[in-house]
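K.L.:
Sharing a structure here in structure tokens format.
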Amino acid sequence: MKLIIDRTKLARELTRCIDRHDRLSFAVAWATPTKVYNSLLARRDAIESGVIGTHFYQTDPQVLDDFVDEGKVRFVLQPSGVFHPKIFLFRTGRRFDAFVGSANLTHGAMARNSEAVMHVSQDDDGAVTVRDELAEAIRTYRGMGRKVRQEDIDVYRAAHERMRSSRERLDGTYGSARSTSPLESEVMRMSWKQYVARVRDAGDDHLRNRIALLRDIRTQFARATSFAEMDVDVRAMIAGLPNGRTDNQGYFGSMRGDGYFHNAVKSSPGGISAALDCIPLEGPVTRQHYDSFVGVFAPAVAGERQRPGVASRLLAMKRPDLFVCISKRNRTALARDFSIAASRIDFDLYWSAIAERIRDARWWSQPRPAAGRELDIWLGRSAMLDAIFYE
């Protein structure tokens, strides 16, 4: 009997046993394509009984595709509670190898996670009893699963994709393998009181100007039917460009150096306006809203470098509670705190690693203050990150 805590050794031992035994059985909570999984798939004729769970949509839809209409491998699609066993039992005559512990048949278990698995074989004391009990457990779990049809897989795949961002947030990856958990970010860990204090550190004059700008812009969005119908100076103010309305447009990111953007805002705002219409002025903003915005915005500023800087300025001004402007002055510090590469921030990473991540911060979930300066900060709490990260 051996305890395995080394991921590489576990993958190697599982692969070795898959290759050498005649009968393969297993029951796991989740499965994803890995080298171990591919070894198992290559020996599918040797599979005697397999059960795979799908709770939290952690199992890759490809696994369901691989075993569609396959009677030997069943899936637990609607468990009562969480289907959570991790058992591998491989047999050839009287010889056997069994693995029981925390490891699923996933990339995480074989490459990233900290796992603990007991390896039992025919040479261990009480081995026959252990073998029989594990075989009986797999038979019991098999009764909880069923054969999947293509219709089941289509429904599951759609739900799996919808839940992708939620899984990443729970995993702490936020769309980037380099990003870290909110527990490891100084800013994400802040309480509301700490967050407000950091925003105030920039100085009363700066905070007053930021609040005044957001108030004015909020009023303009509430009054106008669309961005295109606003006065040209209002559009420029919202876009962070020089204008005849205020000198404070540079707060939250000055965009005056972006020529194509400048021209689109002042002379042909229809495309930018249509993009902003994709983002609700109130209520939740989903990935679908965001993707629609990006799809319309990109051709509206054709010739502009396709990075989220100018787009994030517009998003942060329409929904300062949800978005922060990415500018030359805050990009480095923000990326450092969020543990992402500043040079790799594109439209996809902006949503998954920044916009979604912000909503997991302690301070972001603060209940709405009754009134006063804290209410102003709360209404623009994501955009106000610029005051903390500005260098």
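Here's how to read the names in the structure tokens: chain A, B, ... by the order shown, residue numbers from 1 in each chain, ligand numbers from 1 in the order shown.
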Which residues, written as a PyMOL selection string, have at least one atom at most 8 Å from Ile138 (chain A), with only C-alpha atoms counted and residues fewer than 2 positions away on the same chain left out?

P.N.:
chain A and resi 25-27+49-51+87+134-136+140-142

K.L.:
Since we have the selection now, will you write its residues out, keeping C-alpha atoms, as a PDB file, in the first residue's frame?

P.N.:
ATOM      1  CA  SER A  25     -13.214   0.273 -13.972  1.00  0.00           C
ATOM      2  CA  PHE A  26     -13.537   3.741 -12.488  1.00  0.00           C
ATOM      3  CA  ALA A  27     -15.862   6.225 -10.829  1.00  0.00           C
ATOM      4  CA  SER A  49     -17.532  -0.125 -16.005  1.00  0.00           C
ATOM      5  CA  GLY A  50     -17.130   3.624 -15.813  1.00  0.00           C
ATOM      6  CA  VAL A  51     -19.100   6.373 -14.062  1.00  0.00           C
ATOM      7  CA  ILE A  87     -11.902   5.302  -7.610  1.00  0.00           C
ATOM      8  CA  LEU A 134     -14.291  -1.060  -4.462  1.00  0.00           C
ATOM      9  CA  ALA A 135     -15.858  -3.112  -7.249  1.00  0.00           C
ATOM     10  CA  GLU A 136     -19.178  -3.073  -5.379  1.00  0.00           C
ATOM     11  CA  THR A 140     -23.507   1.122  -6.902  1.00  0.00           C
ATOM     12  CA  TYR A 141     -22.375   4.372  -8.510  1.00  0.00           C
ATOM     13  CA  ARG A 142     -23.111   2.932 -11.924  1.00  0.00           C
TER      14      ARG A 142
END

K.L.:
With DSSP run on the backbone, what are the alpha helix (DSSP H) residues within region 170-298 of chain A? I'd like them as number ranges by chain.

P.N.:
A: 170-171, 192-200, 204-223, 232-239, 259-267, 270-276, 287-298

K.L.:
Neighbours of Leu40 (chain A) within 9 Å (only C-alpha atoms; same-chain residues fewer than 4 positions away dropped), as a ChimeraX atom specification?

P.N.:
/A:15,18-19,24,35-36,44,46-47

K.L.:
Restricting the output to N, CA and C atoms, write the selected residues as a compact mmCIF listing (two decimals), in the first residue's frame.

P.N.:
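part.txt was written with the following content:
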# COMPACT_ATOMS: atom_id res chain seq x y z
N THR A 15 -1.36 5.55 -15.90
CA THR A 15 -1.13 5.17 -17.29
C THR A 15 -0.55 3.76 -17.40
N ILE A 18 -3.34 1.27 -16.73
CA ILE A 18 -4.29 1.23 -17.83
C ILE A 18 -3.74 0.38 -18.97
N ASP A 19 -2.46 0.53 -19.22
CA ASP A 19 -1.84 -0.20 -20.34
C ASP A 19 -1.66 -1.69 -20.06
N LEU A 24 -10.77 -2.56 -16.88
CA LEU A 24 -10.62 -1.23 -16.31
C LEU A 24 -11.97 -0.72 -15.80
N LYS A 35 -3.50 13.22 -20.84
CA LYS A 35 -2.74 12.06 -21.33
C LYS A 35 -3.27 10.78 -20.69
N VAL A 36 -3.61 10.84 -19.40
CA VAL A 36 -4.15 9.66 -18.73
C VAL A 36 -5.50 9.29 -19.33
N ARG A 44 -10.53 1.63 -24.63
CA ARG A 44 -11.95 1.63 -24.29
C ARG A 44 -12.55 0.23 -24.37
N ALA A 46 -11.31 -2.33 -23.16
CA ALA A 46 -11.02 -2.99 -21.89
C ALA A 46 -11.84 -2.43 -20.74
N ILE A 47 -12.58 -1.33 -21.00
CA ILE A 47 -13.38 -0.73 -19.92
C ILE A 47 -14.53 -1.66 -19.57

K.L.:
Between A:Ser185, A:Ser267, A:Thr225, A:Gln288, which one has atoms that come closest to Ser339 (chain A), using only C-alpha atoms?

P.N.:
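Smallest distance to Ser339 (chain A) is found for A:Ser185.
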
K.L.:
Mind checking which residues fall within 12 Å of Val310 (chain A), counting only C-alpha atoms, ignoring those fewer than 6 positions away in the same chain, and posting them as a CSV table (one decimal) with C-alpha atoms, in the first residue's frame?

P.N.:
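Dumped to result-v2.csv:
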chain,number,residue,atom,x,y,z
A,238,ILE,CA,-17.2,61.0,-22.2
A,239,ALA,CA,-14.5,59.7,-24.5
A,240,GLY,CA,-11.7,61.4,-22.5
A,241,LEU,CA,-10.9,63.9,-25.3
A,252,PHE,CA,-10.1,57.9,-15.7
A,253,GLY,CA,-7.7,57.9,-18.7
A,254,SER,CA,-6.9,60.5,-21.3
A,255,MET,CA,-7.5,59.3,-24.9
A,256,ARG,CA,-6.3,62.4,-26.7
A,257,GLY,CA,-3.5,60.5,-28.5
A,258,ASP,CA,-5.8,58.1,-30.4
A,259,GLY,CA,-6.5,59.7,-33.7
A,260,TYR,CA,-9.0,57.3,-35.3
A,261,PHE,CA,-10.9,57.2,-32.1
A,262,HIS,CA,-10.8,61.0,-31.9
A,264,ALA,CA,-15.0,58.7,-34.8
A,265,VAL,CA,-16.1,60.4,-31.6
A,272,ILE,CA,-19.5,53.9,-31.2
A,294,VAL,CA,-16.8,44.6,-28.9
A,297,PHE,CA,-17.0,48.8,-31.5
A,298,ALA,CA,-14.0,47.3,-33.4
A,300,ALA,CA,-16.4,51.6,-35.7
A,301,VAL,CA,-12.8,52.7,-35.0
A,304,GLU,CA,-7.2,52.0,-34.2
A,316,ALA,CA,-16.2,52.8,-17.6
A,317,MET,CA,-18.0,56.0,-18.3
A,324,VAL,CA,-12.4,50.4,-15.2
A,325,CYS,CA,-10.6,52.3,-17.9
A,326,ILE,CA,-7.2,50.8,-18.9
A,327,SER,CA,-4.7,53.5,-19.6
A,328,LYS,CA,-1.0,54.0,-19.9
A,346,ASP,CA,-6.8,42.2,-25.0
A,347,PHE,CA,-10.6,42.3,-25.2

K.L.:
Could you tell me which of A:Trp30, A:Tyr195, A:Phe338, A:Trp351 comes closest to Glu374 (chain A) if we count only C-alpha atoms?

P.N.:
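Distance minimum relative to Glu374 (chain A) lands on A:Tyr195.
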
K.L.:
Output as JSON lines one row per residue of region 270-365 of chain A within 6 Å of region 375-391 of chain A: the closest atom pair and its distance in Å to one decimal place, counting only C-alpha atoms, sorted by chain and residue number ascending.

P.N.:
{"residue": "A:Ala316", "atom": "CA", "partner": "A:Ala383", "partner_atom": "CA", "distance": 5.7}
{"residue": "A:Pro320", "atom": "CA", "partner": "A:Gly380", "partner_atom": "CA", "distance": 4.4}
{"residue": "A:Asp321", "atom": "CA", "partner": "A:Gly380", "partner_atom": "CA", "distance": 4.6}
{"residue": "A:Leu322", "atom": "CA", "partner": "A:Ser382", "partner_atom": "CA", "distance": 5.3}
{"residue": "A:Phe323", "atom": "CA", "partner": "A:Ser382", "partner_atom": "CA", "distance": 5.4}
{"residue": "A:Val324", "atom": "CA", "partner": "A:Ala383", "partner_atom": "CA", "distance": 4.1}
{"residue": "A:Arg329", "atom": "CA", "partner": "A:Glu391", "partner_atom": "CA", "distance": 5.2}
{"residue": "A:Asn330", "atom": "CA", "partner": "A:Tyr390", "partner_atom": "CA", "distance": 4.4}
{"residue": "A:Ala333", "atom": "CA", "partner": "A:Phe389", "partner_atom": "CA", "distance": 5.4}
{"residue": "A:Leu334", "atom": "CA", "partner": "A:Phe389", "partner_atom": "CA", "distance": 5.7}

K.L.:
Those residues you just picked out, can you put them in a file as an mmCIF file, in the first residue's frame with N, CA and C atoms?

P.N.:
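Result file follows (again-v4.cif):
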data_model
loop_
_atom_site.group_PDB
_atom_site.id
_atom_site.type_symbol
_atom_site.label_atom_id
_atom_site.label_comp_id
_atom_site.auth_asym_id
_atom_site.auth_seq_id
_atom_site.Cartn_x
_atom_site.Cartn_y
_atom_site.Cartn_z
ATOM 1 N N ALA A 316 -16.298 52.292 -18.981
ATOM 2 C CA ALA A 316 -16.183 52.780 -17.607
ATOM 3 C C ALA A 316 -17.022 54.026 -17.385
ATOM 4 N N PRO A 320 -19.644 52.904 -14.676
ATOM 5 C CA PRO A 320 -18.485 52.994 -13.777
ATOM 6 C C PRO A 320 -18.570 52.069 -12.574
ATOM 7 N N ASP A 321 -19.738 51.493 -12.360
ATOM 8 C CA ASP A 321 -19.871 50.512 -11.277
ATOM 9 C C ASP A 321 -19.282 49.162 -11.674
ATOM 10 N N LEU A 322 -19.105 48.926 -12.977
ATOM 11 C CA LEU A 322 -18.675 47.609 -13.469
ATOM 12 C C LEU A 322 -17.331 47.602 -14.183
ATOM 13 N N PHE A 323 -16.938 48.726 -14.785
ATOM 14 C CA PHE A 323 -15.749 48.738 -15.632
ATOM 15 C C PHE A 323 -14.738 49.778 -15.176
ATOM 16 N N VAL A 324 -13.468 49.491 -15.442
ATOM 17 C CA VAL A 324 -12.380 50.430 -15.186
ATOM 18 C C VAL A 324 -11.681 50.710 -16.512
ATOM 19 N N ARG A 329 -1.312 55.047 -17.738
ATOM 20 C CA ARG A 329 -0.935 55.428 -16.383
ATOM 21 C C ARG A 329 -1.357 54.430 -15.308
ATOM 22 N N ASN A 330 -2.281 53.527 -15.606
ATOM 23 C CA ASN A 330 -2.717 52.571 -14.568
ATOM 24 C C ASN A 330 -2.492 51.111 -14.949
ATOM 25 N N ALA A 333 0.368 48.966 -12.883
ATOM 26 C CA ALA A 333 0.054 48.686 -11.479
ATOM 27 C C ALA A 333 -1.143 47.754 -11.346
ATOM 28 N N LEU A 334 -2.150 47.950 -12.200
ATOM 29 C CA LEU A 334 -3.325 47.082 -12.153
ATOM 30 C C LEU A 334 -2.934 45.657 -12.517
#

K.L.:
With distances taken over only C-alpha atoms, which of A:Arg149, A:Arg198, A:Arg208, A:Arg12 is nearest to Asp66 (chain A)?

P.N.:
A:Arg149

K.L.:
Using only C-alpha atoms, I'd like a table of the residues in region 41-68 of chain A that come within 12 Å of region 92-111 of chain A; for each, show the closest atom pair and its distance in Å rounded to one decimal, ordered by chain and ascending number, as a tab-separated table.

P.N.:
residue	atom	partner	partner_atom	distance
A:Leu41	CA	A:Leu105	CA	11.7
A:Ala46	CA	A:Thr92	CA	10.5
A:Glu48	CA	A:Thr92	CA	11.7
A:Gly50	CA	A:Leu105	CA	11.5
A:Val51	CA	A:Leu105	CA	11.1
A:Ile52	CA	A:Leu105	CA	9.0
A:Gly53	CA	A:Asn104	CA	10.0
A:Thr54	CA	A:Asn104	CA	11.7
A:Gln58	CA	A:Thr106	CA	9.2
A:Thr59	CA	A:Thr106	CA	8.2
A:Asp60	CA	A:Thr106	CA	9.1
A:Val63	CA	A:Leu105	CA	10.6

K.L.:
Using DSSP secondary structure from the backbone, list all strand (DSSP E or B) positions within region 43-137 of chain A, as a PyMOL selection string.

P.N.:
chain A and resi 47-53+73-76+86-92+95-101+105+117-121

K.L.:
Using only C-alpha atoms, please write the residues we just selected to a file, as an mmCIF file, in the first residue's frame.

P.N.:
data_model
loop_
_atom_site.group_PDB
_atom_site.id
_atom_site.type_symbol
_atom_site.label_atom_id
_atom_site.label_comp_id
_atom_site.auth_asym_id
_atom_site.auth_seq_id
_atom_site.Cartn_x
_atom_site.Cartn_y
_atom_site.Cartn_z
ATOM 1 C CA ILE A 47 -13.380 -0.732 -19.923
ATOM 2 C CA GLU A 48 -15.640 -2.884 -17.798
ATOM 3 C CA SER A 49 -17.532 -0.125 -16.005
ATOM 4 C CA GLY A 50 -17.130 3.624 -15.813
ATOM 5 C CA VAL A 51 -19.100 6.373 -14.062
ATOM 6 C CA ILE A 52 -18.406 10.096 -14.506
ATOM 7 C CA GLY A 53 -20.099 12.992 -12.731
ATOM 8 C CA VAL A 73 -19.539 4.375 -19.363
ATOM 9 C CA ARG A 74 -22.389 6.207 -17.686
ATOM 10 C CA PHE A 75 -22.793 9.824 -16.599
ATOM 11 C CA VAL A 76 -24.456 11.252 -13.506
ATOM 12 C CA LYS A 86 -12.550 9.019 -7.112
ATOM 13 C CA ILE A 87 -11.902 5.302 -7.610
ATOM 14 C CA PHE A 88 -9.776 3.532 -10.224
ATOM 15 C CA LEU A 89 -9.763 -0.286 -10.264
ATOM 16 C CA PHE A 90 -7.696 -2.218 -12.803
ATOM 17 C CA ARG A 91 -7.697 -6.055 -12.922
ATOM 18 C CA THR A 92 -6.047 -8.940 -14.763
ATOM 19 C CA ARG A 95 -3.775 -9.282 -10.062
ATOM 20 C CA PHE A 96 -5.160 -5.797 -9.513
ATOM 21 C CA ASP A 97 -4.218 -2.179 -8.849
ATOM 22 C CA ALA A 98 -6.604 0.235 -7.168
ATOM 23 C CA PHE A 99 -6.292 3.969 -6.581
ATOM 24 C CA VAL A 100 -8.560 5.773 -4.118
ATOM 25 C CA GLY A 101 -8.231 9.364 -2.984
ATOM 26 C CA LEU A 105 -9.614 12.166 -14.187
ATOM 27 C CA VAL A 117 -4.182 8.961 -3.454
ATOM 28 C CA MET A 118 -3.732 5.501 -1.912
ATOM 29 C CA HIS A 119 -2.456 2.793 -4.239
ATOM 30 C CA VAL A 120 -3.468 -0.743 -3.257
ATOM 31 C CA SER A 121 -2.483 -3.947 -5.071
#
